[in-house]
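**Student:** This is the structure I want to talk about, given as structure tokens.
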Amino acid sequence: MPRGRLGLMSENRFDPSQADGRWQHAWAEAQCFEADSNSPKPKSYVLEMFPYPSGRIHIGHVRNYTMGDVLARYKRMQGFEVLHPMGWDAFGMPAENAAMEKGVHPGGWTRENIANMKAQLKRLGFALDWSREIATCEPDYYGQEQALFLDLYESGLVYRKESAVNWDPVDQTVLANEQVIDGRGWRSGALVEKRKLSQWFLKITDFAQDLLDGLDGLENWPDKVRLMQENWIGKSTGLQFHFRGSNFDEEIEVYTTRPDTIFGASFVAVAAEHPIAHALADTDHMAAAFIEQCRAGGTTAAELETAEKLGYDTGLKVTHPFTGHELPVWIANFVLMEYGTGAIMAVPGHDQRDFDFATKYDLPIPRVIAPSEADAAKPFANGEAEPGDGVLVNSDFLNGLSIEDAQVAVVNRADHEGWGHGKTVWRLRDWGVSRQRYWGTPIPFIHCGTCGVVPVPKDQLPVVLPEDVDFATPGNPLVRHPTWKHVDCPKCGAKAERETDTLDTFVDSSWYFLRFASQPADKPFDRDELAKWLPVEQYIGGIEHAILHLLYARFWTRALQHIGLIDFAEPFASLFTQGMVTHETYSRVDPANGQPIYFSPGEVDRSGEGAVLQADGSPVDIGRVIKMSKSKKNVVDPDDIIDQYGADAVRWFMLSDSPPERDLPWSVSGIEGCGKYVQRLWRLFGQYDAGAEGEDKALDRKTHQTIAAIADDIEGLGFNKAVARLYELTSAIEKAKPSASRSTAIRTLVQLVSPMMPHLAEEGWVAIAGEGLVAEAAWPEVDPALLVEDEVTVAVQVKGKLRDTLTVAKGLPNAELEALALASEKVQRILDGAEVRKVIVVPDRLVNIVA
RNA sequence: GCGGGCGUGGCGGAAUGGUAGACGCCGGGGACUUAAAAUCCCCUGAGCUUUGCUCGUGCGGGUUCGAGUCCCGCCGCCCGCACCA
């Protein structure tokens, strides 16, 4: 094999410890990845969800960012001006926890983490525009966020109301729901109290319909995410009406989505938290005990679904608006105070929960829907309600109507007679953004004794978080800071106090993608600059953000459009949610407490049948293959594997084998295989011979087919398929004899792998004497003429079973194909003289002979 | 309970209704080497009476000339959830 120009490739092996850093430096020097918004090229905005700076990059980040990087580099090669930025979701509780545990400052801790993680990302060679880096904890970011918050306040989308929080009386702090474990503070173990505080809210419910409608247009979002958002928004339409008390002087307001079944109502049920239940509890200690029992029950959906339906008969009666019959009022554990009115009309015949309840307490179960009017007396089968379709029966003026028509009729009648009205109910509630925390964006308001709540004038922004705080004493450091909160009222000049709540960090991540595209010093963004880049062409991140982050970002974008600051409603044109990186776990049960003790893969020998702890040679239990997490010790550290195999092998592994939306099981043999492939390519690049002559048509075809296929694969984010094709092309080139075609193929291969293995590709680019950096080279051109084969292999089937294959010229007429197939020796033997009844010919694909 | 997704070799996975198992990993055999590593070549779904044949994509049916792919009914696993009236 003739040796090509070796250039830097003087070693026998590709040495990532030398090459990676050298090329990373070269890219930075050339500023290749800095996005120019004034470029005449078409724009492409590729974004991965920015990380929380916890201290170390996680392997899941590596997978996420590698996918985005391949797309960003590919787009650049295709002639786009690419915006591919990175930043830090830098506010949040872990920094405060670290401050309390280790006595460090949240700011110092966060900034140190950012520095470490940035270095880790750089080691992976990501094509990121670091000139646009953002950290949400810096005043130049959150100050602009404060300005936007004030704009939304002025437009009426921000308001205050009383709302309950989880209060930890020992730590003197408000807890997030996930910090409350079995009713106790996660750190202090103290019983958590509910406290009412005046808090800030954003009117996301104003946009409920719009957010729901917008989902239809998001065709390039996963259906799963759209469905999750739809369910979260939770629109339902129905009838709200009241029952008049017949033995008490009050009305009970109920909401139903099935007004058609109103004649089937046999009782009314109210939530344990309903005012009527509370009022009753004052005089009826049995009722009080029942309410207490409901409160103690489980809270998860699965628990509630399987929990027994329980109720308490209040003795109160109401009058049915149509029949005039008396219906009993029960307190029921399955009715929620937070939804609708906290009271329902129960229709046991056509709702399973009502059915279970009625059966238990021996309440009537009338039928008002039946397959036909003749089935009006049909009994219910073995304990099952019939929520499905049918016609109305036993329902007076509704008899014979469809469910839809009956609903309209009942709503109209209620409206007309004034005892009810049609109503749309949403599950979505307004977004509470107040956090009683230090490490977040200060909410830019001032509380004045005479003027009330006054916005901080924009020229006094940013309201900077003080850095001189202590965490030695419990409680919010902002509240007890000696000077920070004391200010003069901007309106009247009297002594006043700053708001000490900070914003939910989901606010920070609701507009960072805008700030990446445009970051002027004097305003949040420039609208014309945004128009050049937004919406994000491809957004990539974890499925765990399917609802909150993605819904809040959609809302925030709409809200900014609503107040006239931007010109688009949807922030992310395409969304992709990638799978997790997984590994099996190794553990033993600790005899002392019955809890598992986990061991890291490095401590375990897995070469034999089971798994053995190297330290003592005794077996450990092999657990399921699950997401890598520190607590289960089934982790690999990106830095370690980059040290061992180099950035390109790690990137290659992240793209190989598993489809990107599925989980990727980590394996040592897998990463070793990737490392070998890197070296194999290196050797192949070294074989480049600029002077080789002659044409290899078959190889030319393979090369061009691969260029086209990989472009399709990358655009569809099918990285695992692209990887398989690159292996195929590599093998084909290795097997080919020297020729000009082969040299071209090697050159093409360098370009094709460059989005995935950029460091190796730069070395290869030098080896083939490519001009400039391959990072700035163009994607190879495809010759359409070479995409088609001139010979095809045709399957020959007899009665659908493969019996032979034929290699024929492409486009051979059906009749000739049929004749060739029938002439096949193997076919004749199988047919064994049987009469051919039918022949199906699919041109260039197959012939099926039916005998 | 409800909603969504997924079941293909020892493993990860390919496959517009048209040659099931591409590609990678593991494993086996061979070449090179004093030896090893590295590398290269070959084999590698199961079974059988092995010039070939039969079976085979979770299970049972169906549609079709032809089904991993479409339809119906099950089973199993995973994810999400809010008893939403």
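Residues are named by chain letter and number: chains run A, B, ... in the order of the structure tokens, numbers start at 1 in each chain, and ligands are numbered from 1 in the order shown.
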Within 7 Å of chain B, which residues belong to chain A? Use only C-alpha atoms (C1' of nucleotides) and report them as a PyMOL selection string.
**Tutor:** chain A and resi 224+255-257+301+304-306+334+339+344+657-658+669-670+724+727+795+799-800+802+840+845-846+848+850
**Student:** Give me the residues within 7 Å of region 238-241 of chain A as a list of chain:residue names, counting only C-alpha atoms (C1' of nucleotides) and dropping any in the same chain fewer than 4 places off.
**Tutor:**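 In the requested form, the answer reads A:Glu253, A:Val254, A:Tyr255, A:Thr256, A:Thr257, A:Arg258, A:Pro259, A:Val411, A:Trp419, A:Gly420, A:His421, A:Gly422, A:Lys423, A:Thr424.
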**Student:** Go ahead and compute the interatomic distance for CA of Gln595 (chain A) and CA of Gly189 (chain A), in Å to one decimal.
**Tutor:**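 About the pair CA of Gln595 (chain A) and CA of Gly189 (chain A): they are 20.0 Å apart.
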**Student:** Could you name the residues that touch C74 (chain B) at 12 Å or less, counting only C-alpha atoms (C1' of nucleotides), but leaving out those on the same chain fewer than 3 positions away, as a VMD selection string?
**Tutor:** chain B and resid 58 to 61
**Student:** Need to verify the contact set: C43 (chain B), 12 Å, only C-alpha atoms (C1' of nucleotides), exclusion of same-chain residues closer than 5 positions in sequence. Can you return it as a PDB file with N, CA, C and O atoms (P, O5', C5', C4', C3', O3' and C1' of nucleotides), in the first residue's frame?
**Tutor:**
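This went into selection.pdb:
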```pdb
ATOM      1  P     G B  27     -14.691 -12.088  24.148  1.00  0.00           P
ATOM      2  O5'   G B  27     -15.317 -13.396  23.504  1.00  0.00           O
ATOM      3  C5'   G B  27     -16.022 -14.342  24.314  1.00  0.00           C
ATOM      4  C4'   G B  27     -16.588 -15.440  23.448  1.00  0.00           C
ATOM      5  C3'   G B  27     -15.580 -16.190  22.587  1.00  0.00           C
ATOM      6  O3'   G B  27     -14.870 -17.157  23.330  1.00  0.00           O
ATOM      7  C1'   G B  27     -17.459 -15.631  21.277  1.00  0.00           C
ATOM      8  P     G B  28     -13.370 -17.516  22.877  1.00  0.00           P
ATOM      9  O5'   G B  28     -13.584 -18.375  21.559  1.00  0.00           O
ATOM     10  C5'   G B  28     -14.258 -19.629  21.613  1.00  0.00           C
ATOM     11  C4'   G B  28     -14.383 -20.212  20.233  1.00  0.00           C
ATOM     12  C3'   G B  28     -13.085 -20.314  19.437  1.00  0.00           C
ATOM     13  O3'   G B  28     -12.293 -21.424  19.809  1.00  0.00           O
ATOM     14  C1'   G B  28     -14.773 -19.403  18.060  1.00  0.00           C
ATOM     15  P     G B  29     -10.696 -21.305  19.683  1.00  0.00           P
ATOM     16  O5'   G B  29     -10.473 -21.360  18.106  1.00  0.00           O
ATOM     17  C5'   G B  29     -10.747 -22.561  17.389  1.00  0.00           C
ATOM     18  C4'   G B  29     -10.609 -22.335  15.911  1.00  0.00           C
ATOM     19  C3'   G B  29      -9.240 -21.845  15.439  1.00  0.00           C
ATOM     20  O3'   G B  29      -8.269 -22.884  15.370  1.00  0.00           O
ATOM     21  C1'   G B  29     -10.925 -20.575  14.387  1.00  0.00           C
ATOM     22  P     G B  30      -6.741 -22.510  15.673  1.00  0.00           P
ATOM     23  O5'   G B  30      -6.321 -21.625  14.418  1.00  0.00           O
ATOM     24  C5'   G B  30      -6.075 -22.249  13.168  1.00  0.00           C
ATOM     25  C4'   G B  30      -5.988 -21.230  12.070  1.00  0.00           C
ATOM     26  C3'   G B  30      -4.735 -20.370  12.021  1.00  0.00           C
ATOM     27  O3'   G B  30      -3.611 -21.052  11.504  1.00  0.00           O
ATOM     28  C1'   G B  30      -6.642 -19.025  11.619  1.00  0.00           C
TER      29        G B  30
END
```
**Student:** Can you tell me how far CA of Asp844 (chain A) sits from CA of Val794 (chain A), in Å to one decimal?
**Tutor:**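 We find that CA of Asp844 (chain A) and CA of Val794 (chain A) lie 6.0 Å from each other.
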**Student:** Choose the residue, out of A:His105, A:Arg63, A:Arg427, A:Arg683, that has the smallest atom-to-atom separation from Asp470 (chain A); count only C-alpha atoms.
**Tutor:** A:His105
**Student:** Find, counting only C-alpha atoms, the residue in A:Leu478, A:Leu191, A:Ala809, A:Ile57 that gets nearest to Leu121 (chain A).
**Tutor:**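 So, comparing all the options, the nearest one is A:Ile57.
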